[in-house]
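Reading through the structure tokens given below for one structure.
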Amino acid sequence: MGAVVVDMGMEPDHPALEDAGRILRRARKAVAFTGAGISVESGIPDFRSPGGLWTVFAPEEYATIEAFLENPAKAWKLFRAIGGTIAGARPNQAHEALAALEAAGRLAGVITQNIDGLHQAAGSRRVVEVHGDHRRLQCLSCGRLAPMPEEVLRGDSVPACEACSAPQKPNVVLFGEAVRSLDEVEGLVSGCDALLVVGTSAQVYPAAGIPAAVKRGGGTVLEFNLEPTPLTEGDFQGFFRGGGPPCPVSDILFRGPAGTTVPAVARRALGTAKER
């Protein structure tokens, strides 16, 4: 059976909204898994989108750990561009809705692939940043972490560690580095019976295995994206049972901007609509 697809632009009162709210109210443990799409409405474009940073800075030239170690000054051209993109961004209604769900006890936490810190700015307390953050500087030599001063982003030199003088980079995961906090991810996903996948097609591993893991454990996957993704349409049946008819990971896709779809479901989960 395929996923239910709800076009929020055409069906703002679809019964699936009540179903999703009921699922979250009854869930023993709900978790959100977010990607670049949740921050687009905050003015942060997806790096992979047309005109995104990867069209200006080839990842293999600027965004690998080898590139940084070989030529920190060149890598910092990308880091400053990222900082300029993030600077001044504010949480949107999707970030705020997830924070409200957590505050009400309806959400155990957020696992995010983003480095912008907008979940924390919106009030989310338990946020696992698998790709690190762009708010701090990291020294690969001694491991020191320090706040990133604004002048670093405005300058043109490579910041040096105050403890050992080695060149620093933002506290983000570069290509060739391991993702962060997998133990925390595992802790959040363990026992999760309702997963909100927001603004990501979940195609980059190991974090991409999260939706399938929840589905395999019998949980419900609620997807919030602009268009159907492999989660909506893909054949994951072999992954679960060793063959058989197609089995998408997502149970429901709420199709539309995250700033509209996520709050609509959150309102139902928080009890502003009566249960049918």
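For the structure tokens, the naming scheme is as follows: chains receive sequential letters (A, B, ...) according to their order of presentation, residues are indexed from 1 within each chain, and ligands are indexed from 1 in presentation order.
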
Residue contacts of range 13-25 of chain A (7 Å, only C-alpha atoms) excluding same-chain residues fewer than 4 positions away, as number ranges by chain: A: 30, 106, 194, 265-266, 268-269, 275

Can you list, as a PyMOL selection string, every residue of range 20-97 of chain A that DSSP puts in strand (DSSP E)? chain A and resi 30-34

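Proximity of A:Phe47, A:Trp54, A:Phe224, A:Trp76 to Phe33 in chain A, computed with only C-alpha atoms, is greatest for A:Phe224.
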
Give me, as a list in words, all polymer residues having an atom no more than 9 Å from range 200-204 of chain A, counting only C-alpha atoms and skipping those fewer than 2 positions away in the same chain.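 So the residues in contact are Phe33, Thr34, Gly35, Ala36, Gly37, Ile38, Gln113, Val197, Val198, Pro206, Ala207, Ala208, Gly209, Ile210, Pro211, Glu223, Phe224, Asn225, Pro228, Thr229, Pro230 and Leu231 of chain A.
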
Residues from last step as file, N, CA and C atoms, as a PDB file, in the first residue's frame:
```
ATOM      1  N   PHE A  33      13.128  14.448  12.331  1.00  0.00           N
ATOM      2  CA  PHE A  33      14.374  14.315  11.572  1.00  0.00           C
ATOM      3  C   PHE A  33      14.319  15.359  10.464  1.00  0.00           C
ATOM      4  N   THR A  34      15.204  16.348  10.512  1.00  0.00           N
ATOM      5  CA  THR A  34      15.075  17.489   9.606  1.00  0.00           C
ATOM      6  C   THR A  34      16.291  17.675   8.710  1.00  0.00           C
ATOM      7  N   GLY A  35      16.035  18.337   7.567  1.00  0.00           N
ATOM      8  CA  GLY A  35      17.093  18.656   6.620  1.00  0.00           C
ATOM      9  C   GLY A  35      16.943  20.065   6.097  1.00  0.00           C
ATOM     10  N   ALA A  36      17.645  20.359   5.014  1.00  0.00           N
ATOM     11  CA  ALA A  36      17.739  21.728   4.508  1.00  0.00           C
ATOM     12  C   ALA A  36      16.381  22.349   4.213  1.00  0.00           C
ATOM     13  N   GLY A  37      15.407  21.527   3.807  1.00  0.00           N
ATOM     14  CA  GLY A  37      14.115  22.069   3.408  1.00  0.00           C
ATOM     15  C   GLY A  37      13.368  22.799   4.498  1.00  0.00           C
ATOM     16  N   ILE A  38      13.649  22.514   5.766  1.00  0.00           N
ATOM     17  CA  ILE A  38      12.936  23.205   6.833  1.00  0.00           C
ATOM     18  C   ILE A  38      13.419  24.643   6.986  1.00  0.00           C
ATOM     19  N   GLN A 113      20.167  17.491  10.158  1.00  0.00           N
ATOM     20  CA  GLN A 113      21.340  17.512   9.292  1.00  0.00           C
ATOM     21  C   GLN A 113      21.820  18.951   9.070  1.00  0.00           C
ATOM     22  N   VAL A 197       9.585  13.462   9.326  1.00  0.00           N
ATOM     23  CA  VAL A 197      10.696  13.723   8.407  1.00  0.00           C
ATOM     24  C   VAL A 197      10.401  15.035   7.704  1.00  0.00           C
ATOM     25  N   VAL A 198      11.202  16.060   7.983  1.00  0.00           N
ATOM     26  CA  VAL A 198      10.866  17.411   7.520  1.00  0.00           C
ATOM     27  C   VAL A 198      11.999  17.983   6.658  1.00  0.00           C
ATOM     28  N   PRO A 206      24.970   7.916   7.266  1.00  0.00           N
ATOM     29  CA  PRO A 206      24.092   6.952   7.944  1.00  0.00           C
ATOM     30  C   PRO A 206      22.763   7.526   8.432  1.00  0.00           C
ATOM     31  N   ALA A 207      22.637   8.865   8.480  1.00  0.00           N
ATOM     32  CA  ALA A 207      21.399   9.438   9.005  1.00  0.00           C
ATOM     33  C   ALA A 207      20.192   9.040   8.161  1.00  0.00           C
ATOM     34  N   ALA A 208      20.404   8.759   6.887  1.00  0.00           N
ATOM     35  CA  ALA A 208      19.295   8.401   6.012  1.00  0.00           C
ATOM     36  C   ALA A 208      18.638   7.099   6.417  1.00  0.00           C
ATOM     37  N   GLY A 209      19.298   6.282   7.212  1.00  0.00           N
ATOM     38  CA  GLY A 209      18.703   5.037   7.659  1.00  0.00           C
ATOM     39  C   GLY A 209      17.672   5.203   8.755  1.00  0.00           C
ATOM     40  N   ILE A 210      17.541   6.424   9.277  1.00  0.00           N
ATOM     41  CA  ILE A 210      16.629   6.642  10.408  1.00  0.00           C
ATOM     42  C   ILE A 210      15.175   6.339  10.053  1.00  0.00           C
ATOM     43  N   PRO A 211      14.623   6.893   8.964  1.00  0.00           N
ATOM     44  CA  PRO A 211      13.214   6.590   8.663  1.00  0.00           C
ATOM     45  C   PRO A 211      12.952   5.100   8.471  1.00  0.00           C
ATOM     46  N   GLU A 223       5.871  12.433   6.609  1.00  0.00           N
ATOM     47  CA  GLU A 223       6.838  13.166   5.786  1.00  0.00           C
ATOM     48  C   GLU A 223       6.293  14.541   5.415  1.00  0.00           C
ATOM     49  N   PHE A 224       7.169  15.545   5.448  1.00  0.00           N
ATOM     50  CA  PHE A 224       6.804  16.919   5.102  1.00  0.00           C
ATOM     51  C   PHE A 224       7.814  17.422   4.079  1.00  0.00           C
ATOM     52  N   ASN A 225       7.440  17.420   2.818  1.00  0.00           N
ATOM     53  CA  ASN A 225       8.328  17.860   1.746  1.00  0.00           C
ATOM     54  C   ASN A 225       7.521  18.539   0.654  1.00  0.00           C
ATOM     55  N   PRO A 228       7.033  14.526  -3.630  1.00  0.00           N
ATOM     56  CA  PRO A 228       7.325  13.145  -3.226  1.00  0.00           C
ATOM     57  C   PRO A 228       8.816  12.843  -3.372  1.00  0.00           C
ATOM     58  N   THR A 229       9.321  11.990  -2.511  1.00  0.00           N
ATOM     59  CA  THR A 229      10.731  11.607  -2.496  1.00  0.00           C
ATOM     60  C   THR A 229      10.813  10.080  -2.548  1.00  0.00           C
ATOM     61  N   PRO A 230      12.018   9.523  -2.594  1.00  0.00           N
ATOM     62  CA  PRO A 230      12.130   8.061  -2.502  1.00  0.00           C
ATOM     63  C   PRO A 230      11.486   7.490  -1.243  1.00  0.00           C
ATOM     64  N   LEU A 231      11.380   8.289  -0.181  1.00  0.00           N
ATOM     65  CA  LEU A 231      10.672   7.822   1.010  1.00  0.00           C
ATOM     66  C   LEU A 231       9.190   7.596   0.709  1.00  0.00           C
TER      67      LEU A 231
END
```

For a quick check of understanding, using only C-alpha atoms, which of A:Arg267, A:Thr220, A:Thr260, A:Glu186 has the smallest distance to Pro248 in chain A?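 Among A:Arg267, A:Thr220, A:Thr260, A:Glu186, it is A:Thr220 that comes nearest to Pro248 in chain A.
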
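Taking CA of Leu226 in chain A and CA of Ile86 in chain A as the two end points, the separation is 21.6 Å.
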
Pick out the residues sitting within 8 Å of Val110 in chain A, and hand them over as an MDAnalysis selection string; count only C-alpha atoms, and ignore anything fewer than 4 positions along from it in its own chain. chainID A and resid 31:34 124 126:128

Would you output that residue set with N, CA and C atoms, as a short mmCIF file (atom, residue, chain, number, x, y, z; two decimals), in the first residue's frame?
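So the final result, stored in again_10.cif, reads:
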```
data_model
loop_
_atom_site.label_atom_id
_atom_site.label_comp_id
_atom_site.auth_asym_id
_atom_site.auth_seq_id
_atom_site.Cartn_x
_atom_site.Cartn_y
_atom_site.Cartn_z
N VAL A 31 9.78 11.65 17.34
CA VAL A 31 11.06 12.32 17.06
C VAL A 31 10.95 13.01 15.71
N ALA A 32 11.64 14.12 15.53
CA ALA A 32 11.71 14.80 14.24
C ALA A 32 13.09 14.62 13.64
N PHE A 33 13.13 14.45 12.33
CA PHE A 33 14.37 14.31 11.57
C PHE A 33 14.32 15.36 10.46
N THR A 34 15.20 16.35 10.51
CA THR A 34 15.08 17.49 9.61
C THR A 34 16.29 17.68 8.71
N SER A 124 13.79 24.66 20.74
CA SER A 124 13.98 23.22 20.91
C SER A 124 15.16 22.99 21.85
N ARG A 126 16.30 19.56 22.97
CA ARG A 126 17.09 18.38 22.64
C ARG A 126 17.27 18.32 21.13
N VAL A 127 18.42 18.78 20.67
CA VAL A 127 18.72 18.82 19.24
C VAL A 127 20.04 18.10 19.01
N VAL A 128 20.01 17.10 18.17
CA VAL A 128 21.22 16.35 17.82
C VAL A 128 21.65 16.79 16.42
#
```

Select, from A:Gly187, A:Gly117, A:Gly155, A:Gly51, the residue with the minimum atom-to-atom distance to Gly132 in chain A, counting only C-alpha atoms. A:Gly117

Shell of 6 Å around Ser250 in chain A, only C-alpha atoms, local chain residues under 6 positions omitted, as a PyMOL selection string: chain A and resi 3+221-222+231-232

Could you turn the residues from that selection into a file that holds N, CA and C atoms, as an mmCIF file, in the first residue's frame?
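Ended up saving to part29.cif:
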```
data_model
loop_
_atom_site.group_PDB
_atom_site.id
_atom_site.type_symbol
_atom_site.label_atom_id
_atom_site.label_comp_id
_atom_site.auth_asym_id
_atom_site.auth_seq_id
_atom_site.Cartn_x
_atom_site.Cartn_y
_atom_site.Cartn_z
ATOM 1 N N ALA A 3 1.987 5.413 0.186
ATOM 2 C CA ALA A 3 1.795 6.485 1.153
ATOM 3 C C ALA A 3 0.601 7.350 0.769
ATOM 4 N N VAL A 221 5.741 6.916 9.902
ATOM 5 C CA VAL A 221 6.601 7.965 9.356
ATOM 6 C C VAL A 221 5.732 9.018 8.673
ATOM 7 N N LEU A 222 5.770 10.230 9.188
ATOM 8 C CA LEU A 222 5.062 11.369 8.625
ATOM 9 C C LEU A 222 6.071 12.239 7.897
ATOM 10 N N LEU A 231 11.380 8.289 -0.181
ATOM 11 C CA LEU A 231 10.672 7.822 1.010
ATOM 12 C C LEU A 231 9.190 7.596 0.709
ATOM 13 N N THR A 232 8.642 8.447 -0.151
ATOM 14 C CA THR A 232 7.230 8.360 -0.504
ATOM 15 C C THR A 232 6.970 7.246 -1.501
#
```

Using only C-alpha atoms, which residue out of A:Asp156, A:Asp133, A:Glu162, A:Glu184 lies closest to Pro72 in chain A?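 The shortest atom-to-atom distance to Pro72 in chain A comes from A:Asp156.
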
Contacts of Pro159 in chain A within 8 Å, only C-alpha atoms, excl. fewer than 3 positions in-chain, as a VMD selection string: chain A and resid 152 167 to 169
